[in-house]
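K.L.:
What follows is the file run_9.csv, containing CSV, C-alpha atoms:
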```
chain,number,residue,atom,x,y,z
V,64,MET,CA,55.6,-23.3,13.8
V,65,SER,CA,52.6,-23.8,11.7
V,66,ALA,CA,50.2,-21.5,13.5
V,67,PRO,CA,52.2,-18.2,13.1
V,68,THR,CA,53.1,-19.0,9.5
V,69,ASN,CA,49.5,-19.6,8.7
V,70,GLN,CA,48.5,-16.4,10.2
V,71,HIS,CA,51.2,-14.6,8.5
V,72,GLN,CA,50.1,-16.1,5.2
V,73,ALA,CA,46.6,-15.0,5.9
V,74,VAL,CA,47.7,-11.4,6.5
V,75,GLU,CA,49.8,-11.6,3.3
V,76,MET,CA,46.8,-12.8,1.3
V,77,GLU,CA,44.6,-10.1,2.8
V,78,ARG,CA,47.1,-7.5,1.8
V,79,ASP,CA,47.3,-8.9,-1.7
V,80,ALA,CA,43.6,-8.7,-2.0
V,81,HIS,CA,43.7,-5.2,-0.7
V,82,ASP,CA,46.4,-4.2,-3.2
V,83,ARG,CA,44.4,-5.8,-6.0
V,84,GLY,CA,41.4,-3.9,-4.9
V,85,SER,CA,43.1,-0.6,-4.9
V,86,SER,CA,44.7,-1.2,-8.3
V,87,ASP,CA,41.2,-1.8,-9.6
V,88,HIS,CA,40.2,1.6,-8.1
V,89,VAL,CA,42.7,3.7,-10.0
V,90,ASP,CA,40.0,5.2,-12.2
V,91,GLY,CA,37.5,5.5,-9.4
V,92,GLY,CA,36.3,2.0,-8.9
V,93,ALA,CA,32.9,1.9,-10.7
V,94,ALA,CA,32.3,-0.5,-13.4
V,95,HIS,CA,32.0,0.9,-16.8
V,96,GLY,CA,29.3,0.4,-19.4
V,97,SER,CA,29.8,0.1,-23.1
V,98,ARG,CA,27.8,2.0,-25.8
V,99,SER,CA,25.8,-1.2,-26.5
V,100,SER,CA,24.9,-1.7,-22.9
V,101,TYR,CA,23.6,1.9,-22.6
V,102,VAL,CA,21.6,1.5,-25.7
V,103,THR,CA,20.2,-1.8,-24.6
V,104,GLY,CA,19.2,-0.3,-21.3
V,105,PHE,CA,17.6,2.7,-23.0
V,106,VAL,CA,15.5,0.6,-25.4
V,107,LEU,CA,14.3,-1.7,-22.6
V,108,SER,CA,13.4,1.4,-20.5
V,109,VAL,CA,11.5,3.0,-23.3
V,110,ILE,CA,9.5,-0.2,-23.8
V,111,LEU,CA,9.0,-0.7,-20.1
V,112,THR,CA,7.8,2.9,-19.7
V,113,ALA,CA,5.6,2.9,-22.9
V,114,ILE,CA,3.6,-0.2,-21.9
V,115,PRO,CA,2.2,1.0,-18.5
V,116,PHE,CA,1.5,4.5,-19.9
V,117,GLY,CA,-0.3,3.0,-22.9
V,118,LEU,CA,-2.3,0.6,-20.7
V,119,VAL,CA,-3.5,3.4,-18.3
V,120,MET,CA,-4.1,6.1,-21.0
V,121,SER,CA,-5.9,3.8,-23.4
V,122,GLY,CA,-7.8,1.9,-20.8
V,123,VAL,CA,-7.6,-1.3,-22.9
V,124,ILE,CA,-7.9,-3.5,-19.8
V,125,GLY,CA,-11.1,-2.7,-17.8
V,126,ASP,CA,-10.0,-4.3,-14.5
V,127,LYS,CA,-8.1,-1.5,-12.7
V,128,SER,CA,-6.4,-3.8,-10.2
V,129,VAL,CA,-5.0,-5.9,-13.1
V,130,VAL,CA,-3.6,-2.7,-14.8
V,131,ALA,CA,-2.1,-1.6,-11.4
V,132,GLY,CA,-0.5,-5.0,-10.9
V,133,ILE,CA,1.1,-4.9,-14.4
V,134,CYS,CA,2.3,-1.3,-13.9
V,135,MET,CA,4.0,-2.2,-10.6
V,136,ALA,CA,5.6,-5.4,-12.0
V,137,LEU,CA,6.9,-3.4,-15.0
V,138,ALA,CA,8.3,-0.7,-12.7
V,139,ILE,CA,10.2,-3.3,-10.7
V,140,VAL,CA,11.6,-4.8,-13.9
V,141,GLN,CA,12.6,-1.3,-15.1
V,142,ILE,CA,14.3,-0.5,-11.8
V,143,VAL,CA,16.4,-3.7,-12.2
V,144,VAL,CA,17.2,-2.8,-15.9
V,145,HIS,CA,18.4,0.7,-14.7
V,146,MET,CA,20.5,-0.9,-11.9
V,147,ILE,CA,22.2,-3.2,-14.4
V,148,TYR,CA,22.6,-1.1,-17.5
V,149,PHE,CA,22.9,2.5,-16.1
V,150,LEU,CA,24.2,2.1,-12.6
V,151,HIS,CA,26.4,-0.9,-13.6
V,152,MET,CA,25.5,-3.0,-10.6
V,153,ASN,CA,27.2,-6.3,-10.3
V,154,ARG,CA,28.5,-8.6,-7.6
V,155,LYS,CA,32.1,-7.5,-8.1
V,156,SER,CA,32.0,-3.7,-7.9
V,157,GLU,CA,33.7,-2.4,-4.7
V,158,ALA,CA,34.3,-6.0,-3.7
V,159,GLY,CA,30.6,-6.6,-3.4
V,160,TRP,CA,29.9,-3.8,-0.9
V,161,THR,CA,27.7,-1.9,-3.3
V,162,LEU,CA,25.5,-4.9,-3.7
V,163,MET,CA,25.5,-5.7,0.0
V,164,SER,CA,24.5,-2.1,0.9
V,165,LEU,CA,21.8,-2.2,-1.8
V,166,ILE,CA,20.3,-5.4,-0.5
V,167,PHE,CA,20.4,-3.9,3.1
V,168,THR,CA,18.6,-0.8,1.8
V,169,VAL,CA,16.0,-2.8,-0.1
V,170,ILE,CA,15.2,-4.8,3.0
V,171,ILE,CA,14.8,-1.6,5.1
V,172,VAL,CA,12.7,0.0,2.4
V,173,VAL,CA,10.4,-3.0,2.2
V,174,ILE,CA,10.0,-3.2,6.0
V,175,ALA,CA,9.3,0.6,6.2
V,176,LEU,CA,6.9,0.7,3.3
V,177,THR,CA,4.9,-2.5,4.1
V,178,GLY,CA,5.0,-1.7,7.8
V,179,SER,CA,3.7,1.9,7.3
V,180,LEU,CA,1.0,0.9,4.9
V,181,TRP,CA,-0.1,-2.1,7.0
V,182,VAL,CA,-0.2,-0.2,10.3
V,183,MET,CA,-1.9,2.9,8.9
V,184,PHE,CA,-4.5,0.8,7.0
V,185,HIS,CA,-5.5,-1.0,10.2
V,186,MET,CA,-5.5,2.3,12.2
V,187,ASN,CA,-7.9,3.7,9.7
V,188,GLN,CA,-10.1,0.6,9.9
V,189,ASN,CA,-10.0,0.4,13.7
V,190,MET,CA,-10.1,4.0,14.7
V,191,MET,CA,-12.9,5.1,12.3
V,192,PRO,CA,-16.2,5.3,14.2
V,193,PRO,CA,-19.0,3.3,12.5
V,194,MET,CA,-20.9,5.7,10.4
V,195,ASN,CA,-23.4,6.0,7.6
V,196,PRO,CA,-22.4,7.2,4.1
V,197,ALA,CA,-23.7,10.8,4.7
V,198,SER,CA,-21.5,11.4,7.8
V,199,ALA,CA,-18.6,9.6,6.0
V,200,ALA,CA,-18.6,12.4,3.3
V,201,GLU,CA,-18.7,14.9,6.1
V,202,MET,CA,-15.8,13.3,7.9
V,203,SER,CA,-13.7,13.2,4.7
V,204,ASP,CA,-14.5,16.9,4.2
V,205,GLN,CA,-13.0,17.7,7.6
V,206,MET,CA,-9.9,15.6,7.1
D,209,MET,CA,61.0,-20.9,15.8
D,210,THR,CA,63.4,-19.7,18.6
D,211,SER,CA,62.0,-16.2,18.4
D,212,THR,CA,58.7,-17.5,19.9
D,213,THR,CA,60.4,-18.3,23.1
D,214,ASP,CA,61.5,-14.6,23.6
D,215,VAL,CA,58.0,-13.3,23.8
D,216,PRO,CA,55.3,-14.2,26.3
D,217,PRO,CA,53.0,-16.9,25.1
D,218,GLY,CA,50.3,-15.6,22.8
D,219,ALA,CA,51.9,-12.2,22.3
D,220,HIS,CA,53.2,-12.9,18.8
D,221,ASN,CA,49.7,-14.1,17.8
D,222,ALA,CA,48.2,-10.7,18.9
D,223,VAL,CA,50.7,-8.8,16.7
D,224,THR,CA,49.9,-10.7,13.5
D,225,PHE,CA,46.3,-9.8,13.7
D,226,TYR,CA,47.2,-6.3,12.6
D,227,ASP,CA,48.5,-5.2,9.2
D,228,THR,CA,51.2,-2.9,10.6
D,229,ASP,CA,53.0,-2.2,7.4
D,230,PRO,CA,52.1,1.2,5.9
D,231,HIS,CA,50.1,0.8,2.8
D,232,GLU,CA,48.9,3.2,0.1
D,233,HIS,CA,45.5,4.9,0.2
D,234,PRO,CA,45.3,6.7,-3.1
D,235,PRO,CA,43.1,9.8,-3.0
D,236,GLY,CA,39.5,9.0,-3.8
D,237,GLN,CA,39.9,5.2,-3.4
D,238,SER,CA,36.8,4.9,-1.3
D,239,THR,CA,34.8,7.8,-2.9
D,240,MET,CA,32.7,5.6,-5.1
D,241,LEU,CA,31.6,3.3,-2.2
D,242,GLY,CA,31.0,6.3,0.1
D,243,PHE,CA,28.9,8.0,-2.6
D,244,TRP,CA,26.9,4.8,-3.2
D,245,LEU,CA,26.2,4.7,0.6
D,246,TYR,CA,25.0,8.3,0.4
D,247,LEU,CA,22.6,7.3,-2.4
D,248,MET,CA,21.3,4.4,-0.4
D,249,SER,CA,20.5,6.8,2.5
D,250,ASP,CA,18.8,9.1,0.0
D,251,CYS,CA,16.9,6.0,-1.1
D,252,LEU,CA,15.5,5.8,2.5
D,253,ILE,CA,14.4,9.4,2.4
D,254,PHE,CA,12.4,8.7,-0.7
D,255,ALA,CA,11.1,5.4,0.8
D,256,MET,CA,9.6,7.5,3.7
D,257,LEU,CA,8.0,9.9,1.2
D,258,PHE,CA,6.6,7.1,-0.8
D,259,ALA,CA,5.2,5.6,2.4
D,260,ALA,CA,3.6,8.9,3.3
D,261,TRP,CA,2.1,9.0,-0.3
D,262,GLY,CA,0.8,5.5,0.2
D,263,VAL,CA,-0.9,6.4,3.5
D,264,PHE,CA,-2.2,9.9,2.4
D,265,GLY,CA,-2.7,9.3,-1.3
D,266,GLY,CA,-6.4,8.6,-0.9
D,267,SER,CA,-7.2,11.4,1.6
D,268,TYR,CA,-8.8,13.9,-0.8
D,269,ALA,CA,-10.6,15.9,1.9
D,270,GLY,CA,-13.4,16.4,-0.5
D,271,GLY,CA,-11.0,18.1,-2.9
D,272,PRO,CA,-9.9,17.1,-6.4
D,273,ARG,CA,-8.9,13.6,-7.1
D,274,PRO,CA,-5.7,12.5,-9.0
D,275,SER,CA,-7.8,11.5,-12.1
D,276,GLU,CA,-9.1,15.0,-12.3
D,277,LEU,CA,-5.7,16.7,-11.8
D,278,PHE,CA,-3.0,14.6,-13.5
D,279,GLU,CA,-2.3,15.0,-17.2
D,280,LEU,CA,-0.7,11.8,-18.2
D,281,PRO,CA,0.6,13.0,-21.6
D,282,LEU,CA,2.6,15.7,-19.8
D,283,VAL,CA,4.0,13.1,-17.4
D,284,ALA,CA,4.9,10.9,-20.3
D,285,VAL,CA,6.9,13.7,-21.9
D,286,ASN,CA,8.5,14.4,-18.6
D,287,THR,CA,9.5,10.8,-18.2
D,288,ALA,CA,11.0,10.8,-21.7
D,289,MET,CA,13.1,13.9,-20.9
D,290,LEU,CA,14.6,12.2,-17.9
D,291,LEU,CA,15.2,9.0,-19.8
D,292,PHE,CA,16.9,10.9,-22.7
D,293,SER,CA,19.1,12.7,-20.1
D,294,SER,CA,20.1,9.4,-18.6
D,295,ILE,CA,21.4,8.0,-21.9
D,296,THR,CA,23.1,11.2,-22.9
D,297,TYR,CA,24.9,11.2,-19.6
D,298,GLY,CA,25.9,7.6,-20.4
D,299,PHE,CA,27.3,8.9,-23.7
D,300,ALA,CA,29.2,11.7,-21.8
D,301,MET,CA,30.8,9.0,-19.6
D,302,LEU,CA,31.8,7.0,-22.6
D,303,ALA,CA,33.3,10.0,-24.2
D,304,ALA,CA,35.1,10.8,-21.0
D,305,ASP,CA,36.5,7.3,-20.8
D,306,GLU,CA,37.9,7.8,-24.3
D,307,LYS,CA,39.4,11.1,-23.1
D,308,LYS,CA,37.4,13.2,-25.6
D,309,GLN,CA,37.0,16.4,-23.7
D,310,GLY,CA,34.9,18.2,-26.3
D,311,ALA,CA,32.5,15.3,-26.8
D,312,THR,CA,32.1,14.9,-23.0
D,313,LEU,CA,31.3,18.6,-22.6
D,314,GLY,CA,28.8,18.4,-25.5
D,315,TRP,CA,27.0,15.4,-24.1
D,316,LEU,CA,27.0,17.0,-20.6
D,317,ALA,CA,25.4,20.1,-22.0
D,318,ILE,CA,22.7,18.1,-23.8
D,319,THR,CA,22.0,16.2,-20.5
D,320,GLY,CA,21.7,19.5,-18.7
D,321,VAL,CA,19.2,20.8,-21.4
D,322,PHE,CA,17.0,17.6,-20.9
D,323,GLY,CA,17.2,18.1,-17.1
D,324,LEU,CA,16.1,21.7,-17.5
D,325,CYS,CA,13.2,20.6,-19.8
D,326,PHE,CA,12.2,18.1,-17.1
D,327,LEU,CA,12.3,20.8,-14.4
D,328,GLY,CA,10.4,23.3,-16.6
D,329,ILE,CA,7.6,20.8,-17.3
D,330,GLU,CA,7.4,19.9,-13.6
D,331,LEU,CA,7.2,23.6,-12.5
D,332,TYR,CA,4.5,24.2,-15.2
D,333,GLU,CA,2.5,21.3,-13.8
D,334,PHE,CA,2.9,22.6,-10.2
D,335,SER,CA,1.9,26.1,-11.2
D,336,ASN,CA,-1.2,24.8,-13.0
D,337,LEU,CA,-2.2,22.7,-10.0
D,338,ILE,CA,-1.8,25.7,-7.7
D,339,ALA,CA,-3.7,27.9,-10.1
D,340,GLU,CA,-6.5,25.4,-10.0
D,341,GLY,CA,-6.6,25.7,-6.2
D,342,ALA,CA,-5.0,22.3,-5.8
D,343,GLY,CA,-1.9,23.4,-3.9
D,344,PRO,CA,-0.2,21.4,-1.2
D,345,TRP,CA,-2.5,22.9,1.5
D,346,ARG,CA,-5.7,21.6,-0.1
D,347,SER,CA,-5.6,18.0,1.1
D,348,ALA,CA,-3.3,15.3,2.6
D,349,PHE,CA,-3.2,13.7,-0.9
D,350,LEU,CA,-1.8,17.0,-2.4
D,351,SER,CA,0.6,17.6,0.5
D,352,SER,CA,2.2,14.2,0.1
D,353,PHE,CA,2.2,14.6,-3.7
D,354,PHE,CA,4.0,18.0,-3.6
D,355,THR,CA,6.5,16.7,-1.0
D,356,LEU,CA,7.4,13.6,-2.9
D,357,VAL,CA,7.6,15.0,-6.4
D,358,GLY,CA,9.0,18.3,-5.1
D,359,THR,CA,11.9,16.5,-3.3
D,360,HIS,CA,12.7,14.6,-6.5
D,361,GLY,CA,12.6,17.9,-8.4
D,362,LEU,CA,15.0,19.5,-5.9
D,363,HIS,CA,17.4,16.6,-6.4
D,364,VAL,CA,17.3,17.2,-10.1
D,365,THR,CA,17.9,20.9,-9.6
D,366,PHE,CA,21.0,20.2,-7.5
D,367,GLY,CA,22.0,17.6,-10.1
D,368,ILE,CA,21.9,20.3,-12.7
D,369,ILE,CA,23.9,22.8,-10.6
D,370,TRP,CA,26.5,20.0,-10.0
D,371,LEU,CA,26.5,19.3,-13.8
D,372,VAL,CA,27.3,22.9,-14.6
D,373,THR,CA,30.0,23.0,-12.0
D,374,LEU,CA,31.6,19.9,-13.4
D,375,MET,CA,31.4,21.3,-17.0
D,376,VAL,CA,33.4,24.3,-15.8
D,377,GLN,CA,35.9,22.0,-13.9
D,378,VAL,CA,36.4,19.8,-17.0
D,379,SER,CA,36.8,22.7,-19.4
D,380,ARG,CA,39.4,24.3,-17.1
D,381,LYS,CA,41.4,21.3,-15.9
D,382,GLY,CA,40.5,18.6,-18.4
D,383,LEU,CA,39.6,15.0,-17.8
D,384,ILE,CA,42.0,14.5,-14.9
D,385,ASP,CA,41.5,11.6,-12.4
D,386,ALA,CA,39.7,13.8,-9.9
D,387,ASN,CA,37.3,15.0,-12.5
D,388,MET,CA,36.7,11.5,-13.8
D,389,ARG,CA,35.8,10.5,-10.2
D,390,ARG,CA,33.4,13.4,-9.9
D,391,LEU,CA,31.8,12.6,-13.2
D,392,GLN,CA,31.3,9.0,-12.0
D,393,CYS,CA,29.6,10.2,-8.8
D,394,LEU,CA,27.3,12.5,-10.7
D,395,SER,CA,26.6,9.6,-13.1
D,396,LEU,CA,25.4,7.5,-10.2
D,397,PHE,CA,23.4,10.4,-8.8
D,398,TRP,CA,21.7,11.1,-12.2
D,399,HIS,CA,20.8,7.5,-12.9
D,400,PHE,CA,19.6,7.1,-9.4
D,401,LEU,CA,17.2,10.0,-9.8
D,402,ASP,CA,15.9,8.3,-12.9
D,403,VAL,CA,15.3,5.1,-10.8
D,404,ILE,CA,13.3,7.2,-8.3
D,405,TRP,CA,11.3,8.7,-11.1
D,406,ILE,CA,10.2,5.2,-12.2
D,407,GLY,CA,8.7,4.8,-8.7
D,408,VAL,CA,7.1,8.3,-9.0
D,409,PHE,CA,5.4,7.9,-12.4
D,410,THR,CA,4.2,4.4,-11.5
D,411,PHE,CA,3.0,4.8,-8.0
D,412,VAL,CA,2.0,8.5,-8.0
D,413,TYR,CA,0.8,9.2,-11.5
D,414,LEU,CA,-0.4,5.9,-13.1
D,415,LEU,CA,-1.7,4.3,-9.9
D,416,GLY,CA,-3.1,7.6,-8.8
D,417,VAL,CA,-5.1,8.0,-11.9
D,418,LEU,CA,-6.3,4.4,-11.6
D,419,ARG,CA,-7.4,4.8,-8.0
```
What would you get if you wrote out this structure as structure tokens?

P.N.:
Amino acid sequence: MSAPTNQHQAVEMERDAHDRGSSDHVDGGAAHGSRSSYVTGFVLSVILTAIPFGLVMSGVIGDKSVVAGICMALAIVQIVVHMIYFLHMNRKSEAGWTLMSLIFTVIIVVIALTGSLWVMFHMNQNMMPPMNPASAAEMSDQM
Amino acid sequence: MTSTTDVPPGAHNAVTFYDTDPHEHPPGQSTMLGFWLYLMSDCLIFAMLFAAWGVFGGSYAGGPRPSELFELPLVAVNTAMLLFSSITYGFAMLAADEKKQGATLGWLAITGVFGLCFLGIELYEFSNLIAEGAGPWRSAFLSSFFTLVGTHGLHVTFGIIWLVTLMVQVSRKGLIDANMRRLQCLSLFWHFLDVIWIGVFTFVYLLGVLR
């Protein structure tokens, strides 16, 4: 007795969830932003864009790798700001599938980017014949 | 309970795994998720182009270097154009949610103008580079630069075409459900292009000049 009823209940619950999902979707399914959230995102983006441009253009910090690190960190922060305030990402939109697909994509992107850069860097190092600076300039001319 | 004796053991279990009742699939119910998945695949295209830039960005072939070519003030203006267009599109969506057709069309038009400014500045930059002899054929660095930035520019171009199409649709048929859905898809697309541009101005322009 109990087994079929439980399964039936499970199906019912699933269908309920499905119905709730579709009623959320009446207007298209995406989460909506408010005026204040758009303005917040815009102000944050302006700040996060102005800082790296200012640093590079003014050359306040002499160490280039430090400037590069700050720029990359601010870019990542700004991407997250855009995701939240402009693309309205959250854990609930489309029952979490947008977030799941985003996480999957980010993992693939990270693997592809780091893998390509890593492999090609080592290729360059290992395939390049030992040479003196003069022939190095010649080589890069031919590339 | 007696019904279970009529069917072979296990058969009733198999049936209950399926949701056999017909249920509604309203039109466009899965459009937003599908469009999001398209954007994610587009994201992979750009990831490959960024990877190519990362590999070739330092291969100047004895030609001009990024610090000699890139004009950061111009790039900053360009970035501002795209950022402004992002928030004006947001205002268009807010107006559409409030069913204000005129305001929606107005904000969409402003968004389109900012998009066109962005494209104009980018084409100006490209033509300057080519006039200086720094076209995509000059070095692997410039090939990967033109491919990456050009692909983004093409996306913006198609975004503007889509925007104009939607403006015609909205002015003819109003803010009906189908048009709201299309506006939301373009909203995702437009903001997504802004996200890609963050990567472009950071990794291509700023880090390129630092290199």

K.L.:
Please report the interatomic distance between CA of Leu282 (chain D) and CA of Val417 (chain D) in Å with one decimal.

P.N.:
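Straight-line distance from CA of Leu282 (chain D) to CA of Val417 (chain D) works out to 13.5 Å.
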
K.L.:
Can you tell me, as number ranges by chain, what residues are no more than 9 Å from Pro115 (chain V) when counting all atoms listed in the file, ignoring any on the same chain fewer than 2 positions away?

P.N.:
V: 111-113, 117-120, 130-131, 133-135, 137-138; D: 410, 414

K.L.:
Those selected residues, please, written with C-alpha atoms and delivered as a tab-separated table (two decimals), keeping the file's coordinate frame.

P.N.:
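The resulting result_15.tsv:
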```tsv
chain	number	residue	atom	x	y	z
V	111	LEU	CA	9.00	-0.70	-20.10
V	112	THR	CA	7.80	2.90	-19.70
V	113	ALA	CA	5.60	2.90	-22.90
V	117	GLY	CA	-0.30	3.00	-22.90
V	118	LEU	CA	-2.30	0.60	-20.70
V	119	VAL	CA	-3.50	3.40	-18.30
V	120	MET	CA	-4.10	6.10	-21.00
V	130	VAL	CA	-3.60	-2.70	-14.80
V	131	ALA	CA	-2.10	-1.60	-11.40
V	133	ILE	CA	1.10	-4.90	-14.40
V	134	CYS	CA	2.30	-1.30	-13.90
V	135	MET	CA	4.00	-2.20	-10.60
V	137	LEU	CA	6.90	-3.40	-15.00
V	138	ALA	CA	8.30	-0.70	-12.70
D	410	THR	CA	4.20	4.40	-11.50
D	414	LEU	CA	-0.40	5.90	-13.10
```

K.L.:
Please provide the set of residues having any atom within 6 Å of region 336-348 of chain D, restricted to all atoms listed in the file, with same-chain residues fewer than 5 positions apart removed, written as a PyMOL selection string.

P.N.:
chain D and resi 264+267-269+354

K.L.:
Write out, as a PDB file, keeping the file's coordinate frame, the residues just selected, with C-alpha atoms.

P.N.:
```
ATOM      1  CA  PHE D 264      -2.200   9.900   2.400  1.00  0.00           C
ATOM      2  CA  SER D 267      -7.200  11.400   1.600  1.00  0.00           C
ATOM      3  CA  TYR D 268      -8.800  13.900  -0.800  1.00  0.00           C
ATOM      4  CA  ALA D 269     -10.600  15.900   1.900  1.00  0.00           C
ATOM      5  CA  PHE D 354       4.000  18.000  -3.600  1.00  0.00           C
TER       6      PHE D 354
END
```

K.L.:
Report, in Å to a single decimal, how far apart CA of Val102 (chain V) and CA of Phe411 (chain D) are.

P.N.:
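Separation between CA of Phe411 (chain D) and CA of Val102 (chain V): 25.9 Å.
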
K.L.:
Taking into account all atoms listed in the file, which residue in the set D:Ile329, D:Ile368, D:Met375, D:Val408 is nearest to chain V?

P.N.:
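Between D:Ile329, D:Ile368, D:Met375, D:Val408, the residue approaching chain V most closely is D:Val408.
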
K.L.:
In Å to one decimal, how far is CA of Leu180 (chain V) from CA of Met146 (chain V)?

P.N.:
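Calculated distance between CA of Met146 (chain V) and CA of Leu180 (chain V) is 25.8 Å.
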
K.L.:
Check the smallest atom-to-atom distance from each of V:Met152, V:Phe116, V:Ser99, V:Val123 to chain D using only C-alpha atoms, then report the winner.

P.N.:
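Closest residue, counting only C-alpha atoms: V:Phe116.
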
K.L.:
Using all atoms listed in the file, which residues sit within 9 Å of Val372 (chain D) once same-chain residues fewer than 3 positions away are excluded, as a list in words?

P.N.:
Leu316, Ala317, Gly320, Gly367, Ile368, Ile369, Met375, Val376 and Gln377 of chain D

K.L.:
Find, counting only C-alpha atoms, the residue in D:Leu362, D:Leu327, D:Val285, D:Leu415 that gets nearest to chain V.

P.N.:
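Distance minimum relative to chain V lands on D:Leu415.
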
K.L.:
Which residue, D:Leu247, D:Ala255, D:Gly361, D:Ser352, has the smallest gap to chain V when you use only C-alpha atoms?

P.N.:
D:Ala255

K.L.:
Under the rule that only C-alpha atoms are counted, which of V:Ser179, V:Leu107, V:Arg154, V:Gln188 is the nearest residue to chain D?

P.N.:
V:Ser179

K.L.:
I need the residue nearest Glu333 (chain D) from this list: D:Leu257, D:Met289, D:Ile318, D:Leu280. Use all atoms listed in the file for the distance.

P.N.:
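Distance minimum relative to Glu333 (chain D) lands on D:Leu280.
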